[in-house]
Amino acid sequence: MSNTSSTSGSANSWLMLLLAGAFEVGYALSVGGSDGFTKLWWSLVAVVFFLLTLWALSAALRTIDVSIGYAVWAGIGSVGAALLGPVVFDEHLTVVQGVWLAVIIVGVIWLKLADRMQSSGGPAPEVEQPARPEAPAQPVKI
């Protein structure tokens, strides 16, 4: 499904995916602030961020494979919410949690580099197509 026909189109899709990730962070934090959707303003902000993140993600997935795009989007949302949670709310981030967030960040970067390598004509895994069986010859009736 990766239709990366041009470098700028691919770059725009990745920028849109980063924007979708930022909106996802806003959504996660505002859902946390809504206290189970009992606080009106936090709830309204959550709905706006939810719609924005879905819009930006769907735009990015026009040219980025769903498997890669969704993983990157979820990674950005997870890391962003974990890093900003202690800033916005009374939360704590342990060293062990920080290490695992770093693993997520490295994984997201690795996915981006793998996409760049594939779209630039680098080595891509080849998928072997199964041979199609020949149709048996049908007798001709006169």
# chains A, B, ... in the order shown; residues from 1 in each chain; ligands from 1
>>> select_by_dssp(residues="range 77-126 of chain A", states="helix (DSSP H, G or I)", output="ChimeraX atom specification")
/A:77-88,95-119
>>> write_last_selection(atoms="C-alpha atoms", output="PDB file, in the first residue's frame")
ATOM      1  CA  GLY A  77       1.169   9.119  21.709  1.00  0.00           C
ATOM      2  CA  SER A  78       2.479   6.779  24.374  1.00  0.00           C
ATOM      3  CA  VAL A  79       5.821   8.487  24.818  1.00  0.00           C
ATOM      4  CA  GLY A  80       4.353  11.986  24.652  1.00  0.00           C
ATOM      5  CA  ALA A  81       1.657  11.243  27.206  1.00  0.00           C
ATOM      6  CA  ALA A  82       4.165   9.538  29.502  1.00  0.00           C
ATOM      7  CA  LEU A  83       6.607  12.444  29.294  1.00  0.00           C
ATOM      8  CA  LEU A  84       3.990  15.196  29.653  1.00  0.00           C
ATOM      9  CA  GLY A  85       1.827  13.417  32.237  1.00  0.00           C
ATOM     10  CA  PRO A  86       4.147  14.437  35.082  1.00  0.00           C
ATOM     11  CA  VAL A  87       4.164  18.025  33.763  1.00  0.00           C
ATOM     12  CA  VAL A  88       0.380  18.370  33.450  1.00  0.00           C
ATOM     13  CA  VAL A  95      14.016   5.450  35.579  1.00  0.00           C
ATOM     14  CA  VAL A  96      12.825   2.018  34.405  1.00  0.00           C
ATOM     15  CA  GLN A  97       9.830   3.608  32.669  1.00  0.00           C
ATOM     16  CA  GLY A  98      12.195   6.130  31.071  1.00  0.00           C
ATOM     17  CA  VAL A  99      14.364   3.324  29.716  1.00  0.00           C
ATOM     18  CA  TRP A 100      11.388   1.578  28.125  1.00  0.00           C
ATOM     19  CA  LEU A 101      10.148   4.866  26.671  1.00  0.00           C
ATOM     20  CA  ALA A 102      13.604   5.270  25.118  1.00  0.00           C
ATOM     21  CA  VAL A 103      13.189   1.815  23.560  1.00  0.00           C
ATOM     22  CA  ILE A 104       9.888   2.971  22.020  1.00  0.00           C
ATOM     23  CA  ILE A 105      11.563   6.115  20.663  1.00  0.00           C
ATOM     24  CA  VAL A 106      14.399   4.098  19.126  1.00  0.00           C
ATOM     25  CA  GLY A 107      11.839   1.734  17.582  1.00  0.00           C
ATOM     26  CA  VAL A 108       9.896   4.623  16.026  1.00  0.00           C
ATOM     27  CA  ILE A 109      13.092   6.100  14.583  1.00  0.00           C
ATOM     28  CA  TRP A 110      14.108   2.688  13.268  1.00  0.00           C
ATOM     29  CA  LEU A 111      10.716   2.282  11.554  1.00  0.00           C
ATOM     30  CA  LYS A 112      11.128   5.673   9.871  1.00  0.00           C
ATOM     31  CA  LEU A 113      14.622   4.808   8.676  1.00  0.00           C
ATOM     32  CA  ALA A 114      13.383   1.468   7.337  1.00  0.00           C
ATOM     33  CA  ASP A 115      10.621   3.258   5.406  1.00  0.00           C
ATOM     34  CA  ARG A 116      13.131   5.735   3.971  1.00  0.00           C
ATOM     35  CA  MET A 117      15.415   2.883   2.905  1.00  0.00           C
ATOM     36  CA  GLN A 118      12.536   1.075   1.193  1.00  0.00           C
ATOM     37  CA  SER A 119      11.193   4.180  -0.592  1.00  0.00           C
TER      38      SER A 119
END
>>> closest_atom_pairs(of="range 51-121 of chain A", to="range 7-17 of chain A", cutoff="10 Å", atoms="only C-alpha atoms", output="tab-separated table")
residue	atom	partner	partner_atom	distance
A:Thr53	CA	A:Leu17	CA	9.0
A:Trp55	CA	A:Met16	CA	9.5
A:Ala56	CA	A:Met16	CA	5.8
A:Leu57	CA	A:Leu17	CA	5.8
A:Ser58	CA	A:Leu17	CA	8.8
A:Ala59	CA	A:Met16	CA	7.0
A:Ala60	CA	A:Ser13	CA	4.6
A:Leu61	CA	A:Ser13	CA	7.5
A:Arg62	CA	A:Ser13	CA	7.8
A:Thr63	CA	A:Ser13	CA	6.6
A:Ile64	CA	A:Ser13	CA	6.9
A:Gly69	CA	A:Leu17	CA	7.1
A:Tyr70	CA	A:Leu17	CA	9.0
A:Val72	CA	A:Leu17	CA	7.8
A:Trp73	CA	A:Leu17	CA	6.5
A:Ile76	CA	A:Leu17	CA	9.3
A:Lys112	CA	A:Trp14	CA	8.5
A:Asp115	CA	A:Ser10	CA	9.4
A:Arg116	CA	A:Ser10	CA	8.7
A:Ser119	CA	A:Thr7	CA	8.2
A:Ser120	CA	A:Thr7	CA	8.4
>>> residues_around(residues="Leu52 in chain A", least_positions_apart="2", cutoff="10 Å", atoms="only C-alpha atoms", output="VMD selection string")
chain A and resid 19 to 20 22 to 24 26 to 27 46 to 50 54 to 58
>>> write_last_selection(atoms="N, CA, C and O atoms", output="mmCIF file, in the first residue's frame")
data_model
loop_
_atom_site.group_PDB
_atom_site.id
_atom_site.type_symbol
_atom_site.label_atom_id
_atom_site.label_comp_id
_atom_site.auth_asym_id
_atom_site.auth_seq_id
_atom_site.Cartn_x
_atom_site.Cartn_y
_atom_site.Cartn_z
ATOM 1 N N LEU A 19 2.185 15.092 13.279
ATOM 2 C CA LEU A 19 1.094 15.940 13.749
ATOM 3 C C LEU A 19 -0.004 15.095 14.393
ATOM 4 O O LEU A 19 -0.533 15.451 15.456
ATOM 5 N N ALA A 20 -0.321 13.962 13.766
ATOM 6 C CA ALA A 20 -1.320 13.053 14.338
ATOM 7 C C ALA A 20 -0.855 12.557 15.706
ATOM 8 O O ALA A 20 -1.664 12.441 16.640
ATOM 9 N N ALA A 22 1.110 14.194 17.775
ATOM 10 C CA ALA A 22 0.969 15.311 18.712
ATOM 11 C C ALA A 22 -0.484 15.466 19.154
ATOM 12 O O ALA A 22 -0.766 15.698 20.339
ATOM 13 N N PHE A 23 -1.414 15.331 18.199
ATOM 14 C CA PHE A 23 -2.834 15.386 18.550
ATOM 15 C C PHE A 23 -3.219 14.230 19.477
ATOM 16 O O PHE A 23 -4.052 14.382 20.367
ATOM 17 N N GLU A 24 -2.594 13.073 19.267
ATOM 18 C CA GLU A 24 -2.858 11.913 20.117
ATOM 19 C C GLU A 24 -2.396 12.187 21.551
ATOM 20 O O GLU A 24 -3.062 11.788 22.505
ATOM 21 N N GLY A 26 -2.276 15.165 22.918
ATOM 22 C CA GLY A 26 -3.293 16.079 23.444
ATOM 23 C C GLY A 26 -4.561 15.354 23.842
ATOM 24 O O GLY A 26 -5.167 15.645 24.881
ATOM 25 N N TYR A 27 -4.952 14.376 23.034
ATOM 26 C CA TYR A 27 -6.148 13.588 23.347
ATOM 27 C C TYR A 27 -5.956 12.796 24.637
ATOM 28 O O TYR A 27 -6.809 12.813 25.532
ATOM 29 N N ALA A 46 -10.922 16.972 24.655
ATOM 30 C CA ALA A 46 -10.629 15.575 24.287
ATOM 31 C C ALA A 46 -11.309 15.216 22.973
ATOM 32 O O ALA A 46 -10.694 14.580 22.104
ATOM 33 N N VAL A 47 -12.562 15.620 22.803
ATOM 34 C CA VAL A 47 -13.283 15.310 21.563
ATOM 35 C C VAL A 47 -12.611 15.997 20.378
ATOM 36 O O VAL A 47 -12.434 15.384 19.308
ATOM 37 N N VAL A 48 -12.202 17.239 20.545
ATOM 38 C CA VAL A 48 -11.533 17.968 19.455
ATOM 39 C C VAL A 48 -10.216 17.280 19.089
ATOM 40 O O VAL A 48 -9.938 17.033 17.903
ATOM 41 N N PHE A 49 -9.407 16.943 20.100
ATOM 42 C CA PHE A 49 -8.140 16.260 19.819
ATOM 43 C C PHE A 49 -8.371 14.889 19.188
ATOM 44 O O PHE A 49 -7.617 14.461 18.315
ATOM 45 N N PHE A 50 -9.421 14.196 19.616
ATOM 46 C CA PHE A 50 -9.735 12.887 19.047
ATOM 47 C C PHE A 50 -10.023 13.014 17.546
ATOM 48 O O PHE A 50 -9.489 12.257 16.732
ATOM 49 N N LEU A 54 -7.546 11.575 14.448
ATOM 50 C CA LEU A 54 -8.043 10.641 13.423
ATOM 51 C C LEU A 54 -7.927 11.231 12.030
ATOM 52 O O LEU A 54 -7.567 10.524 11.079
ATOM 53 N N TRP A 55 -8.194 12.518 11.892
ATOM 54 C CA TRP A 55 -8.064 13.167 10.584
ATOM 55 C C TRP A 55 -6.613 13.131 10.100
ATOM 56 O O TRP A 55 -6.341 12.730 8.962
ATOM 57 N N ALA A 56 -5.687 13.533 10.958
ATOM 58 C CA ALA A 56 -4.286 13.574 10.554
ATOM 59 C C ALA A 56 -3.739 12.171 10.303
ATOM 60 O O ALA A 56 -2.984 11.949 9.359
ATOM 61 N N LEU A 57 -4.138 11.196 11.133
ATOM 62 C CA LEU A 57 -3.678 9.826 10.931
ATOM 63 C C LEU A 57 -4.196 9.272 9.604
ATOM 64 O O LEU A 57 -3.442 8.654 8.849
ATOM 65 N N SER A 58 -5.456 9.515 9.305
ATOM 66 C CA SER A 58 -5.999 8.988 8.044
ATOM 67 C C SER A 58 -5.329 9.646 6.840
ATOM 68 O O SER A 58 -5.105 8.993 5.823
#
>>> residues_around(residues="Leu44 in chain A", least_positions_apart="5", cutoff="10 Å", atoms="only C-alpha atoms", output="PyMOL selection string")
chain A and resi 30-31+34+37+39+49-50
>>> write_last_selection(atoms="N, CA and C atoms", output="mmCIF file, in the first residue's frame")
data_model
loop_
_atom_site.group_PDB
_atom_site.id
_atom_site.type_symbol
_atom_site.label_atom_id
_atom_site.label_comp_id
_atom_site.auth_asym_id
_atom_site.auth_seq_id
_atom_site.Cartn_x
_atom_site.Cartn_y
_atom_site.Cartn_z
ATOM 1 N N SER A 30 -5.939 15.141 27.655
ATOM 2 C CA SER A 30 -7.245 15.735 27.944
ATOM 3 C C SER A 30 -8.246 14.699 28.444
ATOM 4 N N VAL A 31 -8.135 13.455 27.986
ATOM 5 C CA VAL A 31 -8.989 12.403 28.537
ATOM 6 C C VAL A 31 -8.643 12.193 30.010
ATOM 7 N N SER A 34 -10.186 14.920 31.956
ATOM 8 C CA SER A 34 -11.657 14.965 31.952
ATOM 9 C C SER A 34 -12.272 14.224 33.125
ATOM 10 N N PHE A 37 -14.735 11.903 31.729
ATOM 11 C CA PHE A 37 -15.654 12.763 30.979
ATOM 12 C C PHE A 37 -16.700 13.411 31.893
ATOM 13 N N LYS A 39 -15.731 16.379 33.526
ATOM 14 C CA LYS A 39 -15.370 17.801 33.484
ATOM 15 C C LYS A 39 -15.575 18.280 32.049
ATOM 16 N N PHE A 49 -9.407 16.943 20.100
ATOM 17 C CA PHE A 49 -8.140 16.260 19.819
ATOM 18 C C PHE A 49 -8.371 14.889 19.188
ATOM 19 N N PHE A 50 -9.421 14.196 19.616
ATOM 20 C CA PHE A 50 -9.735 12.887 19.047
ATOM 21 C C PHE A 50 -10.023 13.014 17.546
#
>>> closest_residue(among="A:Ala71, A:Val45, A:Leu51, A:Val66", to="Gly33 in chain A", atoms="only C-alpha atoms")
A:Val45
>>> atom_distance(atom1="CA of Gly21 in chain A", atom2="CA of Ala74 in chain A")
7.2 Å
